[in-house]
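*Asks:* Dropping in start32.tsv, which is TSV, C-alpha atoms and all ligand atoms:
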chain	number	residue	atom	x	y	z
A	841	MET	CA	199.88	217.44	-43.64
A	842	LYS	CA	203.05	218.72	-45.31
A	843	LEU	CA	204.50	221.64	-43.39
A	844	ARG	CA	205.93	223.92	-46.04
A	845	GLY	CA	205.34	227.52	-47.05
A	846	LEU	CA	204.56	230.84	-45.43
A	847	TYR	CA	204.04	230.85	-41.67
A	848	ALA	CA	202.40	234.15	-40.72
A	849	ILE	CA	202.67	235.37	-37.13
A	850	THR	CA	200.42	238.03	-35.65
A	851	ASP	CA	201.70	241.06	-33.81
A	852	SER	CA	199.51	242.97	-31.40
A	853	LYS	CA	200.97	246.38	-32.27
A	854	LEU	CA	200.99	246.04	-36.05
A	855	LEU	CA	197.51	244.51	-36.00
A	856	ALA	CA	195.87	246.85	-33.47
A	857	ASP	CA	192.86	249.10	-34.16
A	858	GLY	CA	190.75	246.55	-36.00
A	859	ARG	CA	193.48	245.29	-38.33
A	860	LEU	CA	193.85	241.79	-36.83
A	861	LEU	CA	191.12	239.97	-38.75
A	862	PRO	CA	191.27	241.76	-42.14
A	863	TYR	CA	195.07	241.58	-42.28
A	864	VAL	CA	195.17	237.93	-41.23
A	865	GLU	CA	192.47	237.05	-43.74
A	866	ALA	CA	194.51	238.79	-46.44
A	867	ALA	CA	197.58	236.73	-45.48
A	868	LEU	CA	195.52	233.54	-45.66
A	869	ARG	CA	194.03	234.54	-49.03
A	870	GLY	CA	197.59	235.10	-50.20
A	871	GLY	CA	198.53	231.55	-49.26
A	872	ALA	CA	199.88	231.49	-45.68
A	873	ARG	CA	199.67	227.84	-44.57
A	874	LEU	CA	200.26	228.31	-40.86
A	875	LEU	CA	199.14	231.18	-38.67
A	876	GLN	CA	200.55	231.82	-35.22
A	877	TYR	CA	198.55	233.87	-32.75
A	878	ARG	CA	201.28	235.70	-30.79
A	879	ASP	CA	199.89	237.99	-28.13
A	880	LYS	CA	201.89	238.69	-25.01
A	881	SER	CA	199.11	240.37	-23.02
A	882	SER	CA	197.41	238.87	-19.99
A	883	ASP	CA	193.90	239.82	-21.11
A	884	GLU	CA	192.54	236.26	-21.11
A	885	SER	CA	189.07	237.04	-22.41
A	886	ARG	CA	190.38	239.11	-25.35
A	887	ARG	CA	192.94	236.41	-26.13
A	888	LEU	CA	190.22	233.75	-26.17
A	889	ARG	CA	187.95	235.88	-28.36
A	890	GLU	CA	190.68	236.71	-30.85
A	891	ALA	CA	191.98	233.15	-31.01
A	892	GLU	CA	188.46	231.86	-31.66
A	893	ALA	CA	188.01	234.34	-34.51
A	894	LEU	CA	191.39	233.33	-35.97
A	895	ARG	CA	190.47	229.65	-35.72
A	896	GLU	CA	187.36	230.34	-37.77
A	897	LEU	CA	189.39	232.20	-40.42
A	898	CYS	CA	191.98	229.42	-40.57
A	899	GLU	CA	189.27	226.77	-40.94
A	900	ARG	CA	187.71	228.73	-43.79
A	901	HIS	CA	191.05	228.99	-45.62
A	902	GLY	CA	192.37	225.50	-44.89
A	903	ALA	CA	195.23	226.83	-42.75
A	904	THR	CA	196.50	225.68	-39.35
A	905	LEU	CA	196.21	227.87	-36.26
A	906	ILE	CA	199.06	227.73	-33.78
A	907	VAL	CA	198.90	229.52	-30.43
A	908	ASN	CA	202.17	230.94	-29.14
A	909	ASP	CA	203.29	230.10	-25.59
A	910	ASP	CA	199.97	228.89	-24.21
A	911	ALA	CA	199.24	225.16	-24.47
A	912	GLU	CA	196.13	225.53	-22.33
A	913	LEU	CA	194.55	228.05	-24.66
A	914	ALA	CA	195.46	225.79	-27.59
A	915	ALA	CA	193.79	222.85	-25.82
A	916	ARG	CA	190.69	224.87	-25.11
A	917	LEU	CA	190.37	225.66	-28.82
A	918	GLY	CA	191.54	222.29	-30.12
A	919	VAL	CA	194.42	223.82	-32.07
A	920	SER	CA	198.23	223.64	-32.12
A	921	VAL	CA	200.97	225.34	-30.11
A	922	HIS	CA	204.46	226.84	-30.41
A	923	LEU	CA	206.68	226.67	-27.33
A	924	GLY	CA	209.93	228.46	-26.60
A	925	GLN	CA	212.63	227.19	-24.28
A	926	THR	CA	210.90	228.63	-21.21
A	927	ASP	CA	207.28	228.03	-22.23
A	928	GLY	CA	206.78	224.59	-20.69
A	929	SER	CA	207.53	221.02	-21.63
A	930	LEU	CA	206.80	219.59	-25.06
A	931	ALA	CA	205.76	216.28	-23.48
A	932	ALA	CA	203.20	218.00	-21.25
A	933	ALA	CA	201.84	219.90	-24.26
A	934	ARG	CA	201.54	216.64	-26.21
A	935	ALA	CA	199.67	215.02	-23.32
A	936	LEU	CA	197.28	217.98	-23.27
A	937	LEU	CA	196.80	218.40	-27.04
A	938	GLY	CA	196.99	214.86	-28.39
A	939	ARG	CA	198.64	213.38	-31.46
A	940	GLN	CA	196.80	215.48	-34.04
A	941	ALA	CA	198.15	218.79	-32.80
A	942	ILE	CA	201.25	220.38	-34.30
A	943	ILE	CA	203.75	221.27	-31.59
A	944	GLY	CA	206.60	223.55	-32.61
A	945	ALA	CA	209.74	224.37	-30.67
A	946	THR	CA	212.13	227.33	-30.63
A	947	CYS	CA	215.74	226.15	-30.99
A	948	HIS	CA	217.51	229.52	-31.44
A	949	GLY	CA	220.88	228.77	-33.10
A	950	SER	CA	221.40	225.34	-31.59
A	951	LEU	CA	221.36	221.89	-33.17
A	952	GLN	CA	221.53	220.45	-29.67
A	953	LEU	CA	218.26	222.14	-28.71
A	954	ALA	CA	216.78	220.81	-31.94
A	955	ASP	CA	217.93	217.26	-31.14
A	956	GLN	CA	216.27	217.57	-27.75
A	957	ALA	CA	213.05	219.02	-29.20
A	958	VAL	CA	212.79	216.26	-31.80
A	959	ALA	CA	213.45	213.60	-29.15
A	960	GLU	CA	210.64	215.13	-27.08
A	961	GLY	CA	208.23	214.96	-30.01
A	962	ALA	CA	208.31	218.39	-31.67
A	963	ASP	CA	206.63	218.43	-35.09
A	964	TYR	CA	208.88	221.23	-36.34
A	965	VAL	CA	211.95	223.02	-35.09
A	966	ALA	CA	212.41	226.79	-35.45
A	967	PHE	CA	215.78	228.50	-35.80
A	968	GLY	CA	216.50	232.21	-35.65
A	969	ARG	CA	216.94	235.02	-35.72
A	970	PHE	CA	218.68	235.02	-39.09
A	971	PHE	CA	218.56	238.78	-39.73
A	972	GLN	CA	217.89	242.00	-37.84
A	973	SER	CA	214.36	241.82	-36.51
A	974	LEU	CA	212.25	244.92	-35.91
A	975	THR	CA	209.81	242.82	-33.90
A	976	LYS	CA	212.33	241.13	-31.61
A	977	PRO	CA	215.69	242.88	-31.96
A	978	GLY	CA	217.15	241.13	-28.91
A	979	ALA	CA	216.48	237.58	-30.09
A	980	SER	CA	219.63	235.47	-30.16
A	981	GLU	CA	221.25	234.93	-33.54
A	982	ALA	CA	221.47	231.95	-35.87
A	983	SER	CA	223.68	231.64	-38.94
A	984	PRO	CA	222.37	230.63	-42.35
A	985	GLU	CA	224.95	227.78	-42.32
A	986	LEU	CA	223.13	226.33	-39.32
A	987	LEU	CA	220.12	225.73	-41.56
A	988	GLU	CA	222.24	223.62	-43.91
A	989	GLN	CA	223.55	221.62	-40.97
A	990	ALA	CA	220.02	221.15	-39.64
A	991	ARG	CA	218.82	220.06	-43.09
A	992	ALA	CA	221.53	217.42	-43.25
A	993	ARG	CA	220.73	216.21	-39.74
A	994	PHE	CA	216.92	216.12	-39.84
A	995	ALA	CA	215.71	214.57	-43.06
A	996	ASN	CA	212.06	214.42	-42.02
A	997	VAL	CA	211.60	217.26	-39.57
A	998	PRO	CA	210.26	220.53	-40.99
A	999	LEU	CA	212.62	223.46	-40.40
A	1000	VAL	CA	211.29	226.95	-39.69
A	1001	ALA	CA	213.40	230.07	-40.25
A	1002	ILE	CA	212.45	233.19	-38.29
A	1003	GLY	CA	213.77	236.66	-37.57
A	1004	GLY	CA	213.99	239.50	-40.07
A	1005	VAL	CA	212.78	237.37	-42.96
A	1006	THR	CA	211.93	239.47	-46.02
A	1007	LEU	CA	211.04	238.80	-49.64
A	1008	GLU	CA	214.65	239.65	-50.51
A	1009	ASN	CA	216.40	237.26	-48.11
A	1010	ALA	CA	213.77	234.48	-48.20
A	1011	PRO	CA	215.15	232.62	-51.27
A	1012	GLY	CA	218.51	232.15	-49.52
A	1013	LEU	CA	216.82	230.58	-46.50
A	1014	ILE	CA	214.74	228.24	-48.64
A	1015	GLY	CA	217.85	227.34	-50.62
A	1016	ARG	CA	219.60	226.35	-47.39
A	1017	GLY	CA	216.76	224.07	-46.39
A	1018	ALA	CA	214.01	226.04	-44.66
A	1019	ASP	CA	210.58	224.48	-45.13
A	1020	LEU	CA	208.64	227.30	-43.51
A	1021	LEU	CA	209.37	231.01	-43.30
A	1022	ALA	CA	207.93	232.65	-40.20
A	1023	VAL	CA	207.27	236.32	-40.86
A	1024	ILE	CA	205.81	239.23	-38.95
A	1025	ASN	CA	207.06	242.65	-40.01
A	1026	ALA	CA	207.73	242.01	-43.70
A	1027	LEU	CA	204.18	240.69	-44.02
A	1028	PHE	CA	202.04	242.78	-41.68
A	1029	ALA	CA	203.72	246.22	-41.59
A	1030	ALA	CA	201.55	247.29	-44.51
A	1031	ASP	CA	199.06	250.06	-45.19
A	1032	THR	CA	196.26	247.89	-46.53
A	1033	PRO	CA	195.02	244.28	-46.52
A	1034	ALA	CA	195.55	244.25	-50.30
A	1035	GLU	CA	199.26	244.90	-49.72
A	1036	VAL	CA	199.41	242.07	-47.13
A	1037	GLU	CA	197.79	239.72	-49.64
A	1038	ARG	CA	200.26	240.75	-52.34
A	1039	ARG	CA	203.22	240.10	-50.03
A	1040	ALA	CA	201.80	236.76	-48.87
A	1041	ARG	CA	201.37	235.67	-52.50
A	1042	ALA	CA	204.95	236.64	-53.22
A	1043	PHE	CA	206.26	234.64	-50.23
A	1044	ALA	CA	204.05	231.66	-51.11
A	1045	ALA	CA	205.30	231.68	-54.71
A	1046	LEU	CA	208.86	231.06	-53.51
A	1047	PHE	CA	208.00	227.50	-52.44
B	1	LIG	C1	207.89	229.90	-35.40
B	1	LIG	C2	208.43	230.54	-34.18
B	1	LIG	N1	209.74	230.44	-33.91
B	1	LIG	C3	210.26	231.02	-32.81
B	1	LIG	C4	209.43	231.73	-31.96
B	1	LIG	C5	209.98	232.36	-30.71
B	1	LIG	O1	209.50	231.70	-29.55
B	1	LIG	P1	210.03	232.16	-28.11
B	1	LIG	O2	211.50	232.00	-28.08
B	1	LIG	O3	209.24	231.47	-27.09
B	1	LIG	O4	209.71	233.71	-28.07
B	1	LIG	P2	208.26	234.42	-28.12
B	1	LIG	O5	207.75	234.38	-29.52
B	1	LIG	O6	207.34	233.70	-27.20
B	1	LIG	O7	208.54	235.83	-27.69
B	1	LIG	C6	208.08	231.82	-32.28
B	1	LIG	N2	207.20	232.48	-31.51
B	1	LIG	N3	207.60	231.21	-33.38
B	2	LIG	C1	209.04	236.04	-32.42
B	2	LIG	C2	210.42	235.93	-32.90
B	2	LIG	N1	211.24	234.92	-32.48
B	2	LIG	C3	212.47	235.02	-33.01
B	2	LIG	C4	213.56	234.09	-32.73
B	2	LIG	O1	214.66	234.27	-33.26
B	2	LIG	O2	213.31	233.14	-31.99
B	2	LIG	S1	212.62	236.33	-34.06
B	2	LIG	C5	211.02	236.78	-33.79
B	2	LIG	C6	210.38	237.97	-34.44
B	2	LIG	C7	210.04	237.70	-35.90
B	2	LIG	O3	209.47	238.83	-36.43
B	2	LIG	P1	210.02	239.59	-37.72
B	2	LIG	O4	209.62	238.76	-38.90
B	2	LIG	O5	209.30	240.91	-37.70
B	2	LIG	O6	211.50	239.73	-37.56
B	3	MG	MG	207.45	231.88	-26.28
Take the structure in the file and give it back as C-alpha cells.
Ligand SMILES: Cc1ncc(COP(=O)(O)OP(=O)(O)O)c(N)n1
Ligand SMILES: Cc1nc(C(=O)O)sc1CCOP(=O)(O)O
Ligand SMILES: [Mg+2]
*Replies:*
Amino acid sequence: MKLRGLYAITDSKLLADGRLLPYVEAALRGGARLLQYRDKSSDESRRLREAEALRELCERHGATLIVNDDAELAARLGVSVHLGQTDGSLAAARALLGRQAIIGATCHGSLQLADQAVAEGADYVAFGRFFQSLTKPGASEASPELLEQARARFANVPLVAIGGVTLENAPGLIGRGADLLAVINALFAADTPAEVERRARAFAALF
C-alpha cells in the first residue's frame, strides 16, 4: 500500500463528549488514509472499545488504523502501531505484529534517529514539530530543510510531517518531500463533522 496523504490523529480532548466516532468518520469520508488512535489515558477497557470502533470505521472506509504507543493493543486488534523514542523497540513490535503491520517511528528533528529506525524496520519515519503545536507545544523542533535532507537520503521510505500542520503551511511541507501530513488540531478543532470533512477534503486534495 502506498503511504501518502492525510494522516489524521485523534485527540481525547477535542473528540470528547461523543465526538470521537462522528468526527473520525467525517475525516475518513474526506479522504484521510491513515488514522492514529492517540489516547494517553490508562482506562484499558475504554481504549479497547474505542479502538475496536475505530477499526470498524477504518475498514469501512479503506483506511489504516494505527495505535499510538501501545504495540500490545495493536496486536490484540490486528492493526498497526506508531512508536516514539521511549515507547519500546521497533524489533519487538515487529515480532508481535508481523510483516503486514505498518510500524511508524518518531524521529523528531534527527536524520540519525531516522537511519536507526529504518535499519530497525520502520515502515515510515515521522519528523516534527515543524510549527507551533497547540496539541503538543513542548515537542522538540524540526526544520523544513530537514525534510529535504530526509527526502534525499530515503528514496523509498515514506516521510511523515507533524506538528502545527495547517492547510496554509501544508503545501510547503509536501513540496519539501513529505508523503504524509499528520494533523490533529487543524483537522479536529471544528464545530461540526461537516467542517471536519471539508478540511480533510482540502488536505487530501493537496496530494
Ligand atoms: C505520526 C506521528 N509522529 C510523531 C508522533 C509523536 O510520538 P511520540 O514522540 O511518542 O509522542 P506521543 O504522540 O506518544 O505523545 C506521533 N504520535 N505520531
Ligand atoms: C503528537 C505530536 N507529536 C509531535 C512531534 O513533533 O513529535 S507534534 C504532535 C502534535 C500534533 O498535533 P497538532 O497537529 O495539533 O499540532
Ligand atoms: Mg509515544
*Asks:* Which residue out of A:Arg916, A:Asp883, A:Phe994, A:Asp1019 has the minimum interatomic distance to Gln952 (chain A) when only C-alpha atoms are used?
*Replies:*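 Among the listed residues, A:Phe994 lies closest to Gln952 (chain A).
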*Asks:* In terms of the shortest atom-to-atom distance over all atoms listed in the file, which of A:Ala914, A:Ala962, A:Cys898, A:Ala848 is closest to Arg1039 (chain A)?
*Replies:*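 Checking each candidate against Arg1039 (chain A), we get A:Ala848 as the closest.
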*Asks:* Could you list, as a ChimeraX atom specification, all protein and nucleic acid residues with an atom at most 9 Å from ligand LIG 2 (chain B), counting all atoms listed in the file?
*Replies:* /A:848-849,851,878,924,946-949,966-982,1001-1006,1021-1029
*Asks:* Residues at most 8 Å from ligand MG 3 (chain B), using all atoms listed in the file? Could they come as a list in words?
*Replies:*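 So the residues close to ligand MG 3 (chain B) are Asn908, Asp909, His922, Leu923, Gly924, Gln925, Thr926, Asp927 and Thr946 of chain A.
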*Asks:* What is the CA of Gly938 (chain A)-CA of Glu912 (chain A) distance in Å, reported with one decimal?
*Replies:*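 Taking CA of Gly938 (chain A) and CA of Glu912 (chain A), their separation equals 12.3 Å.
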*Asks:* Do a neighbour search on region 862-875 of chain A at 8 Å with only C-alpha atoms, toss out local chain neighbours closer than 5 positions, and write the hits as a ChimeraX atom specification.
*Replies:* /A:843-850,855,894,897-898,901-906,1027-1028,1032-1034,1036-1041,1044
*Asks:* Work out how far apart CA of Ala891 (chain A) and CA of Val919 (chain A) are and give it in Å to one decimal.
*Replies:*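 Pair CA of Ala891 (chain A) / CA of Val919 (chain A) returns 9.7 Å.
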*Asks:* In Å, rounded to a single decimal, give me how far atom C5 of ligand LIG 1 (chain B) is from CA of Leu1007 (chain A).
*Replies:* 20.0 Å
*Asks:* Between A:Ala932, A:Val997, A:Val907, A:Leu913, which residue has the minimum interatomic distance to ligand LIG 1 (chain B), considering only C-alpha atoms and all ligand atoms?
*Replies:*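 The shortest atom-to-atom distance to ligand LIG 1 (chain B) comes from A:Val907.
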*Asks:* Neighbouring residues of Gln956 (chain A) were defined as those with any atom within 12 Å, considering only C-alpha atoms; residues of the same chain fewer than 3 positions away were excluded. Please report them as number ranges by chain.
*Replies:* A: 925, 929-931, 945-947, 950-953, 959-962, 964-965
*Asks:* Just checking: using only C-alpha atoms and all ligand atoms, which residue out of A:Pro984, A:Gly918, A:Gly858, A:Pro998 ends up closest to ligand LIG 1 (chain B)?
*Replies:*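 Smallest separation from ligand LIG 1 (chain B) among the options: A:Pro998.
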*Asks:* Which residue is closest to ligand LIG 1 (chain B)? Choose from A:Ser852, A:Ser882, A:Gln876, A:Asn1009 and count all atoms listed in the file.
*Replies:* A:Gln876
*Asks:* Report as a CSV table (one decimal) with C-alpha atoms, in the coordinates of the input all protein, DNA and RNA residues lying within 9 Å of Ala941 (chain A), evaluated on all atoms listed in the file, omitting residues in the same chain fewer than 4 positions from it.
*Replies:*
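This is the output file result-v3.csv:
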chain,number,residue,atom,x,y,z
A,918,GLY,CA,191.5,222.3,-30.1
A,919,VAL,CA,194.4,223.8,-32.1
A,920,SER,CA,198.2,223.6,-32.1
A,921,VAL,CA,201.0,225.3,-30.1
A,934,ARG,CA,201.5,216.6,-26.2
A,937,LEU,CA,196.8,218.4,-27.0
A,963,ASP,CA,206.6,218.4,-35.1
*Asks:* Between A:Glu884, A:Ala990, A:Ala995, A:Ile942, which has the minimum distance to ligand LIG 1 (chain B) (counting all atoms listed in the file)?
*Replies:* A:Ile942
